[in-house]
>>> print(open('structure-v4.cif').read())   # mmCIF, C-alpha atoms (C1' of nucleotides)
data_entry
loop_
_atom_site.label_atom_id
_atom_site.label_comp_id
_atom_site.auth_asym_id
_atom_site.auth_seq_id
_atom_site.Cartn_x
_atom_site.Cartn_y
_atom_site.Cartn_z
CA MET A 122 75.99 179.29 13.08
CA GLU A 123 75.79 182.72 14.66
CA ILE A 124 72.88 185.07 14.57
CA SER A 125 73.32 188.26 12.58
CA ARG A 126 74.22 191.52 14.22
CA ARG A 127 70.94 192.77 12.91
CA ALA A 128 68.99 190.24 14.93
CA ASP A 129 71.16 190.81 17.97
CA TYR A 130 70.62 194.56 17.72
CA ALA A 131 66.89 194.09 17.25
CA MET A 132 66.68 192.06 20.44
CA ARG A 133 68.60 194.71 22.31
CA VAL A 134 66.21 197.36 21.06
CA ILE A 135 63.23 195.44 22.40
CA LEU A 136 65.05 194.84 25.66
CA ASP A 137 65.93 198.51 25.91
CA LEU A 138 62.30 199.50 25.50
CA ALA A 139 61.10 196.77 27.84
CA MET A 140 63.32 198.17 30.58
CA LEU A 141 61.65 201.56 30.31
CA PRO A 142 58.54 202.42 32.31
CA SER A 143 55.55 200.92 30.55
CA GLY A 144 54.42 202.85 27.48
CA MET A 145 57.35 205.24 27.55
CA ARG A 146 59.00 206.30 24.32
CA ALA A 147 62.69 206.42 23.55
CA ARG A 148 64.43 208.22 20.72
CA ALA A 149 66.43 206.14 18.28
CA ARG A 150 69.50 208.22 19.06
CA ASP A 151 69.32 207.29 22.72
CA ILE A 152 68.75 203.61 22.06
CA ALA A 153 71.72 203.63 19.73
CA ARG A 154 73.90 205.14 22.40
CA ARG A 155 72.73 202.93 25.22
CA GLN A 156 72.94 199.72 23.24
CA ALA A 157 76.06 200.62 21.26
CA ILE A 158 74.36 200.20 17.91
CA PRO A 159 75.47 202.30 14.91
CA TYR A 160 72.70 204.87 14.60
CA ALA A 161 72.43 204.71 10.81
CA PHE A 162 72.03 200.96 11.01
CA LEU A 163 69.54 201.23 13.83
CA GLN A 164 67.31 203.36 11.65
CA LYS A 165 66.76 200.40 9.39
CA ILE A 166 66.29 197.95 12.20
CA ILE A 167 63.67 200.11 13.82
CA ARG A 168 61.76 200.21 10.56
CA ASP A 169 61.77 196.43 10.46
CA LEU A 170 60.62 196.15 14.05
CA CYS A 171 57.79 198.55 13.28
CA ALA A 172 56.77 196.59 10.22
CA ALA A 173 56.81 193.42 12.28
CA GLY A 174 54.49 195.02 14.82
CA PHE A 175 56.78 194.90 17.83
CA ILE A 176 57.15 198.65 18.22
CA GLU A 177 55.37 201.79 17.11
CA ALA A 178 56.97 205.08 16.24
CA SER A 179 55.89 208.70 16.26
CA ARG A 180 57.67 211.52 14.51
CA GLY A 181 58.52 215.08 15.26
CA ARG A 182 59.45 216.70 18.51
CA ARG A 183 59.03 214.36 21.44
CA GLY A 184 58.73 211.52 18.96
CA GLY A 185 60.39 208.17 19.34
CA VAL A 186 59.53 204.52 19.55
CA ARG A 187 57.87 202.33 22.15
CA LEU A 188 56.68 198.79 22.47
CA ALA A 189 53.48 198.06 20.61
CA ARG A 190 52.82 194.92 22.67
CA PRO A 191 53.34 194.08 26.32
CA PRO A 192 56.83 192.66 26.89
CA GLU A 193 55.28 189.63 28.59
CA SER A 194 53.94 188.62 25.20
CA ILE A 195 57.15 188.98 23.20
CA THR A 196 59.57 186.08 23.21
CA LEU A 197 63.20 186.11 22.16
CA LEU A 198 62.37 183.58 19.47
CA GLU A 199 59.71 185.79 17.98
CA VAL A 200 62.00 188.75 17.49
CA LEU A 201 64.83 186.57 16.31
CA GLU A 202 62.69 184.88 13.68
CA ALA A 203 61.18 188.16 12.57
CA MET A 204 64.67 189.33 11.69
CA GLU A 205 66.26 186.13 10.41
CA GLY A 206 63.40 184.00 9.23
CA PRO A 207 62.76 180.61 10.78
CA ILE A 208 65.82 179.64 12.74
CA ARG A 209 67.58 176.41 12.00
CA LEU A 210 70.96 174.94 12.74
CA ASN A 211 71.24 172.93 9.58
CA ARG A 212 69.46 173.14 6.29
CA CYS A 213 67.55 169.99 7.06
CA SER A 214 66.73 170.62 10.69
CA ARG A 215 63.54 172.52 10.13
CA GLU A 216 62.27 171.53 6.71
CA PRO A 217 63.53 168.00 6.21
CA HIS A 218 62.28 167.96 2.63
CA LEU A 219 65.09 170.34 1.78
CA CYS A 220 67.48 167.47 2.21
CA PRO A 221 66.82 164.48 0.00
CA ARG A 222 68.70 162.37 2.49
CA SER A 223 66.79 163.30 5.61
CA SER A 224 64.74 160.12 5.51
CA PHE A 225 67.87 158.10 6.10
CA CYS A 226 70.39 160.54 7.51
CA ALA A 227 71.59 159.32 10.86
CA ILE A 228 72.78 162.75 11.94
CA HIS A 229 69.43 164.37 11.32
CA PRO A 230 67.88 163.44 14.69
CA ILE A 231 70.69 165.24 16.47
CA TRP A 232 69.98 168.43 14.62
CA ALA A 233 66.30 168.01 15.26
CA GLN A 234 66.98 167.63 18.96
CA ALA A 235 69.21 170.69 19.14
CA GLN A 236 66.71 172.65 17.12
CA ALA A 237 63.86 171.69 19.43
CA TYR A 238 65.84 172.72 22.48
CA LEU A 239 66.67 176.10 21.00
CA GLU A 240 63.09 176.78 20.04
CA GLN A 241 61.91 175.79 23.48
CA LEU A 242 64.45 177.94 25.29
CA LEU A 243 64.11 181.05 23.15
CA GLY A 244 60.38 180.62 22.68
CA SER A 245 59.66 180.43 26.39
CA THR A 246 61.74 183.42 27.44
CA THR A 247 59.93 186.73 27.26
CA PHE A 248 61.34 190.20 27.19
CA ALA A 249 59.53 190.91 30.43
CA GLU A 250 61.71 188.32 32.16
CA VAL A 251 64.86 189.52 30.53
CA ALA A 252 64.06 193.13 31.34
CA LYS A 253 63.51 192.22 34.97
CA ARG A 254 66.95 190.68 35.08
CA GLY A 255 68.33 193.72 33.32
CA ARG A 256 66.93 195.96 36.04
CA GLN A 257 68.56 193.79 38.70
CA ILE A 258 71.89 194.11 36.96
CA ARG A 259 71.45 197.86 36.63
CA MET A 260 70.72 198.17 40.32
CA LEU A 261 73.83 196.27 41.29
CA GLN A 262 75.87 198.43 39.00
CA SER A 263 74.59 201.75 40.21
CA ARG A 264 75.07 200.59 43.80
CA ASN A 265 78.70 199.99 42.94
CA GLY A 266 79.16 203.38 41.36
CA MET A 267 79.11 202.40 37.69
CA ASN A 268 82.56 200.89 37.88
CA GLY A 269 82.18 198.08 35.41
CA GLU A 270 85.55 196.61 36.29
CA SER A 271 85.02 196.04 39.99
CA ALA A 272 85.76 192.47 40.95
CA SER A 273 83.05 192.28 43.56
CA LEU A 274 80.51 193.57 41.07
CA ASN A 275 81.48 190.94 38.59
CA GLN A 276 81.09 188.32 41.27
CA GLU A 277 77.61 189.50 42.02
CA LEU A 278 76.68 189.62 38.38
CA THR A 279 77.93 186.10 37.96
CA ALA A 280 75.74 185.09 40.86
CA VAL A 281 72.77 186.77 39.25
CA ARG A 282 73.42 184.86 36.09
CA ALA A 283 73.88 181.60 37.89
CA SER A 284 70.36 181.74 39.24
CA GLU A 285 69.28 181.28 35.70
CA ILE A 286 65.82 181.76 34.27
CA LYS A 287 64.26 178.30 33.97
CA MET B 109 72.49 180.56 12.46
CA GLU B 110 72.93 177.57 10.20
CA ILE B 111 76.06 175.58 9.71
CA SER B 112 77.76 175.81 6.33
CA ARG B 113 77.25 173.21 3.66
CA ARG B 114 80.94 172.57 3.96
CA ALA B 115 80.64 171.51 7.58
CA ASP B 116 77.53 169.48 6.87
CA TYR B 117 79.30 167.70 4.03
CA ALA B 118 82.35 167.07 6.18
CA MET B 119 80.24 165.40 8.83
CA ARG B 120 78.59 163.24 6.24
CA VAL B 121 81.99 162.17 4.93
CA ILE B 122 83.06 161.02 8.38
CA LEU B 123 79.75 159.27 8.86
CA ASP B 124 80.09 157.57 5.51
CA LEU B 125 83.52 156.25 6.44
CA ALA B 126 82.40 155.28 9.92
CA MET B 127 79.68 153.11 8.42
CA LEU B 128 82.24 151.14 6.43
CA PRO B 129 83.96 148.07 7.87
CA SER B 130 86.75 149.26 10.15
CA GLY B 131 89.83 150.43 8.27
CA MET B 132 88.25 150.19 4.85
CA ARG B 133 88.92 152.83 2.26
CA ALA B 134 86.41 154.61 0.06
CA ARG B 135 87.03 156.58 -3.08
CA ALA B 136 86.03 160.23 -3.11
CA ARG B 137 83.85 159.58 -6.14
CA ASP B 138 81.84 157.03 -4.26
CA ILE B 139 81.45 159.16 -1.17
CA ALA B 140 80.29 162.03 -3.34
CA ARG B 141 77.65 159.85 -4.94
CA ARG B 142 76.44 158.23 -1.74
CA GLN B 143 76.26 161.48 0.20
CA ALA B 144 75.08 163.68 -2.66
CA ILE B 145 78.02 166.03 -2.40
CA PRO B 146 79.35 167.82 -5.50
CA TYR B 147 82.53 165.92 -6.30
CA ALA B 148 84.65 168.97 -7.08
CA PHE B 149 83.67 170.49 -3.77
CA LEU B 150 84.27 167.25 -1.95
CA GLN B 151 87.86 167.25 -3.16
CA LYS B 152 88.51 170.33 -1.12
CA ILE B 153 86.66 169.10 1.91
CA ILE B 154 88.61 165.87 1.93
CA ARG B 155 91.82 167.82 1.91
CA ASP B 156 90.67 169.77 4.93
CA LEU B 157 89.65 166.62 6.78
CA CYS B 158 93.07 165.15 6.05
CA ALA B 159 94.83 168.24 7.30
CA ALA B 160 92.72 168.13 10.45
CA GLY B 161 93.77 164.54 11.03
CA PHE B 162 90.36 162.90 10.82
CA ILE B 163 91.06 160.90 7.70
CA GLU B 164 94.07 159.68 5.76
CA ALA B 165 94.29 159.32 2.01
CA SER B 166 96.30 157.19 -0.34
CA ARG B 167 96.72 157.83 -4.02
CA GLY B 168 96.84 155.77 -7.14
CA ARG B 169 94.94 152.70 -8.04
CA ARG B 170 92.99 151.27 -5.11
CA GLY B 171 93.57 154.57 -3.35
CA GLY B 172 90.96 156.40 -1.36
CA VAL B 173 90.36 157.75 2.10
CA ARG B 174 89.65 156.14 5.43
CA LEU B 175 89.30 157.22 9.02
CA ALA B 176 92.58 158.04 10.71
CA ARG B 177 91.04 157.67 14.17
CA PRO B 178 88.48 155.29 15.62
CA PRO B 179 84.96 156.66 15.16
CA GLU B 180 84.35 156.22 18.89
CA SER B 181 86.84 159.03 19.45
CA ILE B 182 85.41 161.53 16.96
CA THR B 183 82.55 163.72 18.09
CA LEU B 184 80.21 165.74 15.93
CA LEU B 185 81.44 168.87 17.66
CA GLU B 186 85.04 168.15 16.79
CA VAL B 187 84.41 167.87 13.08
CA LEU B 188 82.06 170.81 13.08
CA GLU B 189 84.56 173.05 14.82
CA ALA B 190 87.39 171.89 12.60
CA MET B 191 85.45 173.19 9.63
CA GLU B 192 83.81 176.29 11.08
CA GLY B 193 85.98 177.34 13.95
CA PRO B 194 84.59 177.49 17.47
CA ILE B 195 80.84 177.37 17.25
CA ARG B 196 78.76 180.07 18.81
CA LEU B 197 75.21 181.28 18.52
CA ASN B 198 75.92 184.91 19.15
CA ARG B 199 79.08 186.90 18.98
CA CYS B 200 79.20 187.17 22.73
CA SER B 201 78.22 183.64 23.63
CA ARG B 202 81.67 182.15 23.53
CA GLU B 203 84.09 185.00 24.08
CA PRO B 204 82.19 187.51 26.18
CA HIS B 205 85.00 190.03 25.87
CA LEU B 206 83.95 190.51 22.24
CA CYS B 207 80.91 192.33 23.49
CA PRO B 208 81.56 195.38 25.60
CA ARG B 209 78.11 194.97 27.05
CA SER B 210 78.36 191.39 28.17
CA SER B 211 79.00 192.37 31.75
CA PHE B 212 75.55 193.87 31.92
CA CYS B 213 73.62 192.31 29.06
CA ALA B 214 70.56 190.55 30.39
CA ILE B 215 70.18 188.41 27.29
CA HIS B 216 73.70 187.05 27.52
CA PRO B 217 72.92 184.24 29.99
CA ILE B 218 70.35 182.83 27.60
CA TRP B 219 72.91 182.59 24.84
CA ALA B 220 75.37 181.06 27.24
CA GLN B 221 72.83 178.46 28.22
CA ALA B 222 71.96 177.53 24.65
CA GLN B 223 75.62 177.45 23.76
CA ALA B 224 76.41 175.10 26.62
CA TYR B 225 73.62 172.76 25.61
CA LEU B 226 74.80 172.63 22.02
CA GLU B 227 78.37 171.92 23.01
CA GLN B 228 77.24 169.21 25.37
CA LEU B 229 74.99 167.54 22.82
CA LEU B 230 77.35 167.67 19.88
CA GLY B 231 80.41 167.04 21.99
CA SER B 232 79.05 163.88 23.54
CA THR B 233 77.81 162.29 20.35
CA THR B 234 80.41 160.24 18.51
CA PHE B 235 80.42 159.06 14.95
CA ALA B 236 80.44 155.51 16.19
CA GLU B 237 77.01 156.06 17.68
CA VAL B 238 75.70 157.84 14.64
CA ALA B 239 77.08 155.16 12.34
CA LYS B 240 75.38 152.49 14.37
CA ARG B 241 72.10 154.26 13.92
CA GLY B 242 72.88 154.67 10.24
CA ARG B 243 73.31 150.93 9.91
CA GLN B 244 69.96 150.35 11.60
CA ILE B 245 68.27 152.68 9.17
CA ARG B 246 69.99 151.00 6.24
CA MET B 247 68.78 147.60 7.40
CA LEU B 248 65.21 148.77 7.67
CA GLN B 249 65.43 150.26 4.23
CA SER B 250 66.87 147.24 2.50
CA ARG B 251 64.30 145.06 4.22
CA ASN B 252 61.61 147.22 2.67
CA GLY B 253 63.09 147.05 -0.80
CA MET B 254 64.70 150.51 -0.95
CA ASN B 255 61.37 152.23 -1.38
CA GLY B 256 62.04 155.43 0.46
CA GLU B 257 58.44 156.54 0.27
CA SER B 258 56.80 153.64 2.02
CA ALA B 259 54.61 154.79 4.87
CA SER B 260 55.39 151.86 7.10
CA LEU B 261 59.10 152.44 6.60
CA ASN B 262 58.78 156.05 7.56
CA GLN B 263 56.92 155.02 10.67
CA GLU B 264 59.69 152.67 11.62
CA LEU B 265 62.34 155.28 10.96
CA THR B 266 60.46 157.71 13.13
CA ALA B 267 60.44 155.11 15.86
CA VAL B 268 64.17 154.61 15.50
CA ARG B 269 64.68 158.33 15.82
CA ALA B 270 62.37 158.58 18.77
CA SER B 271 64.58 156.25 20.79
CA GLU B 272 67.09 159.02 20.68
CA ILE B 273 70.73 158.85 21.63
CA LYS B 274 70.95 160.30 25.15
"C1'" DT C 157 103.66 151.91 -18.64
"C1'" DC C 158 99.27 153.50 -17.84
"C1'" DA C 159 95.06 154.30 -15.77
"C1'" DA C 160 93.16 155.57 -11.57
"C1'" DA C 161 93.34 157.83 -7.63
"C1'" DG C 162 94.33 162.03 -4.48
"C1'" DT C 163 96.71 167.10 -4.26
"C1'" DG C 164 97.29 171.89 -4.55
"C1'" DG C 165 96.03 175.96 -6.01
"C1'" DA C 166 93.92 179.31 -8.97
"C1'" DC C 167 89.68 181.08 -10.06
"C1'" DC C 168 84.84 182.61 -9.89
"C1'" DA C 169 79.84 184.22 -9.27
"C1'" DT C 170 76.54 185.27 -6.04
"C1'" DT C 171 74.82 186.36 -1.80
"C1'" DT C 172 74.97 188.20 2.65
"C1'" DA C 173 76.44 191.08 6.26
"C1'" DG C 174 76.79 195.18 7.90
"C1'" DG C 175 76.49 199.07 7.12
"C1'" DT C 176 76.09 204.66 5.23
"C1'" DC C 177 73.65 208.67 3.48
"C1'" DC C 178 70.20 211.71 2.62
"C1'" DA C 179 66.09 213.96 1.03
"C1'" DT C 180 61.47 213.90 2.80
"C1'" DA C 181 57.52 213.85 5.85
"C1'" DA C 182 55.41 214.61 10.19
"C1'" DT C 183 54.87 217.07 14.54
"C1'" DA C 184 55.51 219.46 19.03
"C1'" DT C 185 56.78 223.84 20.59
"C1'" DC C 186 57.65 228.68 20.42
"C1'" DG D 55 53.36 229.50 11.06
"C1'" DA D 56 58.27 228.98 11.39
"C1'" DT D 57 61.52 225.96 13.19
"C1'" DA D 58 63.80 222.36 15.23
"C1'" DT D 59 63.34 217.66 15.90
"C1'" DT D 60 62.21 213.17 14.99
"C1'" DA D 61 61.13 209.10 12.18
"C1'" DT D 62 60.83 207.18 7.07
"C1'" DG D 63 62.00 205.21 2.79
"C1'" DG D 64 65.10 204.06 -0.35
"C1'" DA D 65 69.38 204.22 -2.84
"C1'" DC D 66 73.87 202.93 -2.37
"C1'" DC D 67 78.23 200.69 -0.93
"C1'" DT D 68 82.23 197.48 0.45
"C1'" DA D 69 84.21 193.39 2.20
"C1'" DA D 70 83.85 188.88 3.21
"C1'" DA D 71 81.89 184.53 3.07
"C1'" DT D 72 79.70 180.88 0.61
"C1'" DG D 73 79.65 177.32 -2.37
"C1'" DG D 74 81.50 176.07 -5.69
"C1'" DT D 75 84.57 174.75 -10.42
"C1'" DC D 76 88.71 173.44 -12.97
"C1'" DC D 77 92.87 171.47 -13.94
"C1'" DA D 78 97.72 170.39 -14.19
"C1'" DC D 79 100.30 167.46 -11.39
"C1'" DT D 80 101.83 163.60 -8.44
"C1'" DT D 81 101.54 159.09 -6.76
"C1'" DT D 82 100.79 154.32 -7.08
"C1'" DG D 83 98.82 149.63 -8.00
"C1'" DA D 84 98.23 146.43 -11.62
#
>>> encode(input="structure-v4.cif", output="structure tokens")
Amino acid sequence: MEISRRADYAMRVILDLAMLPSGMRARARDIARRQAIPYAFLQKIIRDLCAAGFIEASRGRRGGVRLARPPESITLLEVLEAMEGPIRLNRCSREPHLCPRSSFCAIHPIWAQAQAYLEQLLGSTTFAEVAKRGRQIRMLQSRNGMNGESASLNQELTAVRASEIK
Amino acid sequence: MEISRRADYAMRVILDLAMLPSGMRARARDIARRQAIPYAFLQKIIRDLCAAGFIEASRGRRGGVRLARPPESITLLEVLEAMEGPIRLNRCSREPHLCPRSSFCAIHPIWAQAQAYLEQLLGSTTFAEVAKRGRQIRMLQSRNGMNGESASLNQELTAVRASEIK
DNA sequence: TCAAAGTGGACCATTTAGGTCCATAATATC
DNA sequence: GATATTATGGACCTAAATGGTCCACTTTGA
């Protein structure tokens, strides 16, 4: 019950790239700084994201990584599952055969319901949508002079959040 | 992302007791057998459930455990959180201050939304409801002669599940 | 009195999480 | 073509959590 830091970081990497102008590269160092991810750890995560086909990297001067697919086509669920394997809330909630009791466990339907909701929510949210929201937030912040503690800013951000995707 | 076996077992213990006639005791050995929980592990879990006030135990001959509160008053969420601590899907989804980026993380609202759904679902389902469903399933099974593999039984169970709580 | 229960705590192996470090390979620029 | 810069691959590491086990001891009903 809690996704790994690794998966969280991976999602932030994709978000970071999705907020860049289309096709633009970013260096791992910069992503690490912007997203507050330990650089040495990020190195490994980037490898995994490459292997999974979400990003592509180029070496040498002016190298860096960029999205390998349009952000409209990448869902939160996809990245999450690429890093963690199929998500599930309980051992039995995805592969019921793993639990010999699933055929008569009265709690099982609850897990199945929660699982279905999660898959629906995360599977229908793309990084394009999230990046759009991220740009809105960034605009509000820069308008308020980067002062992350301003009360009025926080109010506005809350408002942005309240008008929730979906 | 996946509750511990410990929490899963704990929930099954409460369910097991909730399916018994009100106030009736069960021996740990029997619960272990019925719920397929390693007995030695169950010993510890029962202690925790006692300490948390969900069940009460008595020793000696004819001893055993029983619910300390009416099953109508115990939610899935309560037991889960007693065993795992406050549930959360991502580090930031419950206590946003844990993530220095939460004030401008565009993914955060998604986690908050999923989190809220989970809390609502698990927090509004009581063991009385689940036990009722468990009794329905048990009736269907005994009517079909305990053959867990029967196709018609599985169809009926699916139907029972489909008429989902809430 | 004794057998059948729960109790408390010590112990344990394995896995996972969450990293670090670095030598190497590729490449743009001077 | 040297050099600085960037990603790459893999070895390595520590701490904590997970999922248990074991057992001496206490309590209690028959």
>>> interface_residues(input="structure-v4.cif", of="chain C", to="chain B", cutoff="12 Å", atoms="only C-alpha atoms (C1' of nucleotides)", output="JSON, numbers by chain")
{"C": [158, 159, 160, 161, 162, 163, 164, 165]}
>>> resolve_selection(input="structure-v4.cif", expression="the PyMOL selection byres ((chain D) within 10 of (chain A))", output="PyMOL selection string")
chain D and resi 58-63
>>> interface_residues(input="structure-v4.cif", of="chain A", to="chain B", cutoff="6 Å", atoms="only C-alpha atoms", output="NGL selection string")
:A and (122-124 or 209-211 or 227 or 251 or 254-255)
>>> write_last_selection(input="structure-v4.cif", atoms="C-alpha atoms", output="CSV table (one decimal), in the coordinates of the input")
chain,number,residue,atom,x,y,z
A,122,MET,CA,76.0,179.3,13.1
A,123,GLU,CA,75.8,182.7,14.7
A,124,ILE,CA,72.9,185.1,14.6
A,209,ARG,CA,67.6,176.4,12.0
A,210,LEU,CA,71.0,174.9,12.7
A,211,ASN,CA,71.2,172.9,9.6
A,227,ALA,CA,71.6,159.3,10.9
A,251,VAL,CA,64.9,189.5,30.5
A,254,ARG,CA,67.0,190.7,35.1
A,255,GLY,CA,68.3,193.7,33.3
>>> resolve_selection(input="structure-v4.cif", expression="the PyMOL selection byres ((chain C and resi 171) around 10)", output="number ranges by chain")
C: 169-170, 172-173; D: 71-72
>>> atom_distance(input="structure-v4.cif", atom1="atom C1' of D:DC67", atom2="atom C1' of C:DA179")
18.1 Å
>>> residues_near_point(input="structure-v4.cif", point="(72.4, 213.2, -0.3)", cutoff="12 Å", atoms="only C-alpha atoms (C1' of nucleotides)", output="PyMOL selection string")
(chain C and resi 176-180) or (chain D and resi 64-66)
